[in-house]
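Below is one structure, written out as structure tokens, with a few remarks after it.
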Amino acid sequence: MKNGLILAAGLIMAHSLASCAAWETVTVNESKAMMRSSMAPHPRLLLPRDEARWRKGIERNALLRATRDKVLAQAEAMLAVAPIEYKKEGRRLQVHGACFRRVTCLGMAYRLTKDTRYLHRAEKEMLAATAFPDWNPSHFLDAAEMTMALAVGYDWLYAGLTTNSRALIRAAIVSHGLTPSLNARRNKWIKGRTNWNQVCHAGMVFGALAIADEEPDIAADIVTRAVTSLNSMNEYAPDGAYPEGPGYWSYGTTFNVLMIAALESALDSDFGLTARPGFLESAEYMLHVAGPSGLWFNYFDCGMNSGVNPALFWFAQRRQAPWVLWRELPALDAFNQKKISVVGGDNRHVPLILVWGAPSRTPTPPAALSWLGRGSNPVAMHRSSWTNGTAAFVGVKGGCASLPHGHMDAGSFVFEAGGVRWGGDLGLQKYYSLESKGVDLWGTQRWEVFRYSSLAHSVLVVDGKPQNPKGRATIVEHSATPQQRSVVDLTEVYKDQLASARRTVTLHADGVTIEDTIRARKGQPCSVRWAMLTTATPKVDNGTNAALVSGDKRLSLVAEGATGARWEVYPTDPPPHDYDAPNPGTCLIGFTTTLDQGETRTITVRLRLDAPSIVNR
């Protein structure tokens, strides 16, 4: 079977993954026969074949040893926790993440120790899930994660499960996961290009591979469908920038990695998926998108705190590039020292780091200080140092608000210096907080939500109007030497507002310069607001001098080319609507200037740290 599926993988690459019909007509029947004949034995999902050698490798690596001990401690604490119960919040099932976390943690603990207490507790967790009336197929992300959770448990614990438990779990995987996934009319994710495409196909592939011995026909159909329909992988081209932002990279790409790893462990082939343009390069994206503070450039629907990203350990291993883990290694060390928690589904993929491995010593720093990601939502990052925690860092983006999870934030930037994030982004508002109040979050009402609007971002606002949601901003220039600098063409974003607009961001050792070159339309004078979102304390002196203060650090703001403009503070809290999330401790600092009809103006804002504490070392 394995040789046959390797041949099938070659056919896919020869015909191109985009050519779904070629794969289906040529190989699907062969695939069914192969699955009947010789699938890898249980455990076939993710785990190494030589488990004794694997356990010895963990013991020899201090960081992996600490991670193992953390996983075992969490599994021990889970023994006393009641199994999950069916619970929904709005349209979402609330326990899918917790189910995956518990089954994976308990299953990993069993594989490491052979202690049957972990096996039996995981069995209870899975049986509780089989008793659910459904796994919420209307929000199929939930069904996908539940399917993956039970597939992992079924596979890893197969030999120790009772015959009855196996039958119940297998039946639930089919009835609650695989069968509902076959409704192509309802499941738009099948051919989609967002994280749903990755997460849902991955969950279904896990379910299919876990029960392929007993259900070879549906398993072959599911695997075939997945490897020919992973259209979301086109979004990584050409450089690896993930259009939905780093938070959704952490979600979607992790499941993409899980799917590839499961195919390889069960069938000895990745079906050409790893070679898709930009996919492996997306590890650089995640490396560069976090500042020296460890906080993300949190554009679109994204939080600031990055935590540990286990999928990057897979990337580092696959690419033999330990420097990819420059930020992840200290993050994992910090996670291992945190208080044990068994609540919720956060950090549910951490146990898989034990499979993917970690370098035994600190890698050398990454070589590049600047990075550019093109594609549908281009982004650029610059920094003055990797080894200095108080280094200067700036990220700037282009893109289009109509992309999935989009904000009206083309041209926005974040800026760090001296260990302080001076310029930031409000990021994500929890979806249920809006949906529960009747907000059409995924329609045009989205742009009325304060955090998603132009008014809440570090962008130009012309005549108080929103950015054009269909306009697309591109990064037209990017350099690392002699100056670290990026130029964003914003003309489409300000269609019918400005004749042209470009934003140039230049990083210095002690700050950043934001230069906006704009031209008013003929016969259309305009008012332009320049503003930057911040959590620092603003200081404005008679409107002529401005600074930001954070602790003992002070950032000076100097504007040139904004004739007659006066610095002022624009409040962000309370926000304008009752459905808007509060934004305590934040504000926008900026000014408003006017342009005559047809006038071209360059507005330059220099942000400089007063203390010389961030010189490159």
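Residues are referred to by chain and number: the chain letter is A, B, ... according to the order shown in the structure tokens, the number counts from 1 in that chain, and ligands are numbered separately from 1 in the order shown.
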
Which residues, written as a PyMOL selection string, have at least one atom at most 12 Å from Lys495 (chain A), with only C-alpha atoms counted and residues fewer than 2 positions away on the same chain left out?
chain A and resi 462+465-473+489-493+497-501+519-521

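Closest to Asn234 (chain A) among A:Phe206, A:Phe279, A:Trp371, A:Tyr154 is A:Phe279, based on only C-alpha atoms.
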
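Closest approach to Ile475 (chain A) among A:Ser376, A:Thr113, A:Val459, A:Asn583: A:Ser376, based on only C-alpha atoms.
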
Work out how far CA of Asn195 (chain A) is from CA of Ala220 (chain A), in Å to one decimal.
22.9 Å

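Closest to Val414 (chain A) among A:Ala331, A:Val558, A:Leu607, A:Val540 is A:Leu607, based on only C-alpha atoms.
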
Kindly give the distance, in Å, that separates CA of Thr163 (chain A) and CA of Glu123 (chain A), rounded to a single decimal.
11.8 Å

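Minimum atom-to-atom distances from A:Pro363, A:Gly357, A:Gly245, A:Gly240 to Gly375 (chain A) were compared using only C-alpha atoms, and the lowest value belongs to A:Gly240.
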
Do a neighbour search on Ala261 (chain A) at 12 Å with only C-alpha atoms, toss out local chain neighbours closer than 3 positions, and write the hits as number ranges by chain.
A: 44-48, 202, 205-206, 209, 254-258, 264-271, 273-274, 311, 314-315, 317-318, 352, 355-356

Could you write out the selected residues, including C-alpha atoms, as an mmCIF file, in the first residue's frame?
data_model
loop_
_atom_site.group_PDB
_atom_site.id
_atom_site.type_symbol
_atom_site.label_atom_id
_atom_site.label_comp_id
_atom_site.auth_asym_id
_atom_site.auth_seq_id
_atom_site.Cartn_x
_atom_site.Cartn_y
_atom_site.Cartn_z
ATOM 1 C CA ARG A 44 0.122 5.315 12.957
ATOM 2 C CA LEU A 45 -0.578 8.993 13.656
ATOM 3 C CA LEU A 46 2.416 11.257 14.353
ATOM 4 C CA LEU A 47 4.333 9.016 16.766
ATOM 5 C CA PRO A 48 7.736 7.584 15.804
ATOM 6 C CA ALA A 202 -6.874 17.966 8.794
ATOM 7 C CA VAL A 205 -7.801 13.104 7.483
ATOM 8 C CA PHE A 206 -7.008 12.138 11.075
ATOM 9 C CA LEU A 209 -6.497 7.387 8.815
ATOM 10 C CA THR A 254 -0.640 24.071 12.912
ATOM 11 C CA PHE A 255 -3.461 21.927 11.551
ATOM 12 C CA ASN A 256 -1.874 21.969 8.108
ATOM 13 C CA VAL A 257 1.318 20.619 9.685
ATOM 14 C CA LEU A 258 -0.640 18.007 11.631
ATOM 15 C CA GLU A 264 3.700 10.839 6.418
ATOM 16 C CA SER A 265 3.486 8.694 9.532
ATOM 17 C CA ALA A 266 0.612 6.574 8.218
ATOM 18 C CA LEU A 267 1.331 6.468 4.479
ATOM 19 C CA ASP A 268 4.990 7.510 4.096
ATOM 20 C CA SER A 269 4.102 10.438 1.830
ATOM 21 C CA ASP A 270 3.270 14.124 2.176
ATOM 22 C CA PHE A 271 1.658 14.053 -1.304
ATOM 23 C CA LEU A 273 2.120 19.386 0.122
ATOM 24 C CA THR A 274 5.338 20.436 1.849
ATOM 25 C CA ALA A 311 4.228 23.796 14.749
ATOM 26 C CA TRP A 314 8.101 20.778 13.068
ATOM 27 C CA PHE A 315 9.340 23.475 10.666
ATOM 28 C CA GLN A 317 13.116 19.880 12.202
ATOM 29 C CA ARG A 318 11.950 19.638 8.605
ATOM 30 C CA LEU A 352 3.558 17.236 20.054
ATOM 31 C CA VAL A 355 7.498 14.203 18.724
ATOM 32 C CA TRP A 356 8.995 16.979 16.610
#

Selection: 9 Å around Thr513 (chain A), only C-alpha atoms, excl. self and same-chain fewer than 3 positions, as a PDB file with N, CA and C atoms, in the first residue's frame:
ATOM      1  N   THR A 504       6.015  55.565   3.727  1.00  0.00           N
ATOM      2  CA  THR A 504       7.363  55.020   3.834  1.00  0.00           C
ATOM      3  C   THR A 504       7.729  54.907   5.306  1.00  0.00           C
ATOM      4  N   VAL A 505       8.163  53.730   5.707  1.00  0.00           N
ATOM      5  CA  VAL A 505       8.550  53.462   7.095  1.00  0.00           C
ATOM      6  C   VAL A 505      10.038  53.149   7.104  1.00  0.00           C
ATOM      7  N   THR A 506      10.803  53.919   7.875  1.00  0.00           N
ATOM      8  CA  THR A 506      12.250  53.731   7.950  1.00  0.00           C
ATOM      9  C   THR A 506      12.664  53.536   9.400  1.00  0.00           C
ATOM     10  N   LEU A 507      13.361  52.441   9.675  1.00  0.00           N
ATOM     11  CA  LEU A 507      13.808  52.149  11.040  1.00  0.00           C
ATOM     12  C   LEU A 507      15.189  52.732  11.280  1.00  0.00           C
ATOM     13  N   HIS A 508      15.375  53.307  12.472  1.00  0.00           N
ATOM     14  CA  HIS A 508      16.670  53.808  12.922  1.00  0.00           C
ATOM     15  C   HIS A 508      17.032  53.097  14.220  1.00  0.00           C
ATOM     16  N   THR A 604       5.965  64.081   7.442  1.00  0.00           N
ATOM     17  CA  THR A 604       6.964  63.223   8.078  1.00  0.00           C
ATOM     18  C   THR A 604       6.821  63.294   9.586  1.00  0.00           C
ATOM     19  N   VAL A 605       6.693  62.144  10.210  1.00  0.00           N
ATOM     20  CA  VAL A 605       6.633  62.064  11.676  1.00  0.00           C
ATOM     21  C   VAL A 605       7.823  61.236  12.143  1.00  0.00           C
ATOM     22  N   ARG A 606       8.630  61.862  13.005  1.00  0.00           N
ATOM     23  CA  ARG A 606       9.813  61.181  13.540  1.00  0.00           C
ATOM     24  C   ARG A 606       9.539  60.804  15.000  1.00  0.00           C
ATOM     25  N   LEU A 607       9.717  59.528  15.282  1.00  0.00           N
ATOM     26  CA  LEU A 607       9.544  59.005  16.636  1.00  0.00           C
ATOM     27  C   LEU A 607      10.925  58.616  17.155  1.00  0.00           C
ATOM     28  N   ARG A 608      11.364  59.262  18.232  1.00  0.00           N
ATOM     29  CA  ARG A 608      12.715  59.035  18.740  1.00  0.00           C
ATOM     30  C   ARG A 608      12.692  58.793  20.236  1.00  0.00           C
TER      31      ARG A 608
END

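Ranking A:Asp221, A:Asp142, A:Asp409, A:Asp213 by their shortest atom-to-atom distance to Asp155 (chain A), with only C-alpha atoms included, puts A:Asp213 first.
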